[in-house]
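Shown next, in structure tokens, is the structure this report addresses.
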Amino acid sequence: MRPSFAAAVTLLVAVLTGAAAPAVVAQPSEPANYSLDAGHTFIHWEVLHNGTSTTRGRFDHAAGAVWFDARAQQIDLSITVDTASVSTGQAPFDAVIRGAQMLASAEHPQAYFTARRARWDGEVPREVQGEITLHGVSQPVTLRALRWRCGMNLLVRREVCGGDFEAELKRSDFGVTYALPFAADTVRLLIQVEGVRQ
């Protein structure tokens, strides 16, 4: 897909004036399917440990797709996460999280998030309301958009949409009660996504 005329002009002006060109130039979004870019899509999590400090980790392998029509304010999203890809930087701790008392990755190798509803501000989704399936249990969850942008990525010459989202869930709702209350029940999710138009 070639950059739009506006995108090309923006790049040309930046080069001639010596200004830094933006990596993504906004343009009207048409209804389309997007595949998540694994190199720019990660799910980070945070949980308070022993009331003193925050333990953090992330899932390194996620895949999915999203169809949305910004003008009609419609969305259809699905994300699959490999639970064994959890990483905290401490291999022994990762093994505990993958184990039967936590994520039970052998029995539940994948977690899922699906959504078909959103709260919009014009053509920008502010919240995505869906369902997460973790540890074999499904619960509703709302992802709050911290930012969202669609446009032509001039570096790779592809149209992309991406943003940052956050949410909170209680792990006990999914049957994960190991180490309560020393490790908190509330888990904060920080999600970065970028989709490439197909």
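Here, A, B, ... name the chains of the structure tokens in the order displayed, residue numbers run from 1 inside each chain, and ligands are numbered from 1 in the same displayed order.
Residues in contact with Leu143 in chain A at 6 Å, where only C-alpha atoms are counted and same-chain residues fewer than 3 positions away are skipped, are listed as A:Glu127, A:Val128, A:Phe165, A:Glu166, A:Ala167.
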Within range 27-192 of chain A, find each residue whose DSSP state, derived from the backbone, is helix (DSSP H, G or I), and express the selection as a short mmCIF file (atom, residue, chain, number, x, y, z; two decimals) with N, CA, C and O atoms, in the first residue's frame.
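So result-v1.cif came out as:
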```cif
data_model
loop_
_atom_site.label_atom_id
_atom_site.label_comp_id
_atom_site.auth_asym_id
_atom_site.auth_seq_id
_atom_site.Cartn_x
_atom_site.Cartn_y
_atom_site.Cartn_z
N ALA A 38 3.19 -9.06 16.17
CA ALA A 38 3.74 -9.69 17.37
C ALA A 38 4.91 -8.90 17.95
O ALA A 38 5.16 -8.95 19.16
N GLY A 39 5.61 -8.17 17.12
CA GLY A 39 6.75 -7.39 17.61
C GLY A 39 6.36 -6.11 18.32
O GLY A 39 7.20 -5.46 18.94
N HIS A 40 5.07 -5.74 18.23
CA HIS A 40 4.59 -4.52 18.88
C HIS A 40 3.35 -4.78 19.72
O HIS A 40 2.61 -3.84 20.03
N THR A 83 0.12 -18.75 27.60
CA THR A 83 0.38 -18.53 29.02
C THR A 83 1.78 -18.96 29.43
O THR A 83 2.34 -18.43 30.38
N ALA A 84 2.37 -19.92 28.72
CA ALA A 84 3.72 -20.36 29.05
C ALA A 84 4.77 -19.34 28.67
O ALA A 84 5.94 -19.47 29.05
N SER A 85 4.38 -18.28 27.95
CA SER A 85 5.35 -17.26 27.55
C SER A 85 5.52 -16.18 28.61
O SER A 85 6.16 -15.17 28.37
N ALA A 91 13.73 -16.95 36.21
CA ALA A 91 13.28 -18.26 35.70
C ALA A 91 12.58 -19.11 36.75
O ALA A 91 11.54 -19.72 36.45
N PRO A 92 13.07 -19.21 38.01
CA PRO A 92 12.36 -20.03 39.00
C PRO A 92 10.95 -19.50 39.28
O PRO A 92 10.01 -20.28 39.45
N PHE A 93 10.80 -18.18 39.31
CA PHE A 93 9.49 -17.58 39.54
C PHE A 93 8.57 -17.83 38.35
O PHE A 93 7.38 -18.12 38.51
N ASP A 94 9.13 -17.75 37.15
CA ASP A 94 8.33 -18.04 35.95
C ASP A 94 7.78 -19.46 36.00
O ASP A 94 6.62 -19.70 35.63
N ALA A 95 8.58 -20.39 36.48
CA ALA A 95 8.13 -21.78 36.58
C ALA A 95 6.97 -21.92 37.56
O ALA A 95 6.04 -22.69 37.33
N VAL A 96 7.03 -21.17 38.66
CA VAL A 96 5.94 -21.19 39.64
C VAL A 96 4.67 -20.64 39.01
O VAL A 96 3.57 -21.21 39.17
N ILE A 97 4.78 -19.54 38.26
CA ILE A 97 3.60 -18.93 37.65
C ILE A 97 2.99 -19.86 36.61
O ILE A 97 1.76 -19.94 36.48
N ARG A 98 3.82 -20.57 35.87
CA ARG A 98 3.30 -21.51 34.87
C ARG A 98 2.70 -22.76 35.51
O ARG A 98 1.95 -23.49 34.86
N ARG A 171 -7.56 -12.04 40.36
CA ARG A 171 -7.17 -13.39 39.95
C ARG A 171 -8.00 -14.46 40.63
O ARG A 171 -8.20 -15.55 40.08
N SER A 172 -8.54 -14.15 41.81
CA SER A 172 -9.40 -15.13 42.49
C SER A 172 -10.67 -15.41 41.69
O SER A 172 -11.26 -16.49 41.80
N ASP A 173 -11.11 -14.44 40.85
CA ASP A 173 -12.28 -14.67 40.00
C ASP A 173 -12.03 -15.77 38.99
O ASP A 173 -12.98 -16.33 38.43
N PHE A 174 -10.76 -16.07 38.76
CA PHE A 174 -10.39 -17.11 37.79
C PHE A 174 -9.88 -18.36 38.50
O PHE A 174 -9.29 -19.24 37.86
#
```
Two-atom distance - CA of Trp45 in chain A, CA of Arg144 in chain A (Å): 14.6 Å
Residues of chain A in strand (DSSP E), written as a PyMOL selection string: chain A and resi 24-26+32-36+42-49+53-59+62-69+74-82+86-87+110-121+124-134+137-153+158-170+186-197
Contacts of Asp37 in chain A within 8 Å, only C-alpha atoms, excl. fewer than 6 positions in-chain, as an MDAnalysis selection string: chainID A and resid 63 193:196
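Among the candidates A:His49, A:Pro31, A:Arg58, A:Ile43, the residue lying nearest to Pro181 in chain A is A:His49 (atoms considered: only C-alpha atoms).
If you measure from each of A:Leu189, A:Leu169, A:Ala65, A:Val81 to Tyr112 in chain A using only C-alpha atoms, the closest one turns out to be A:Val81.
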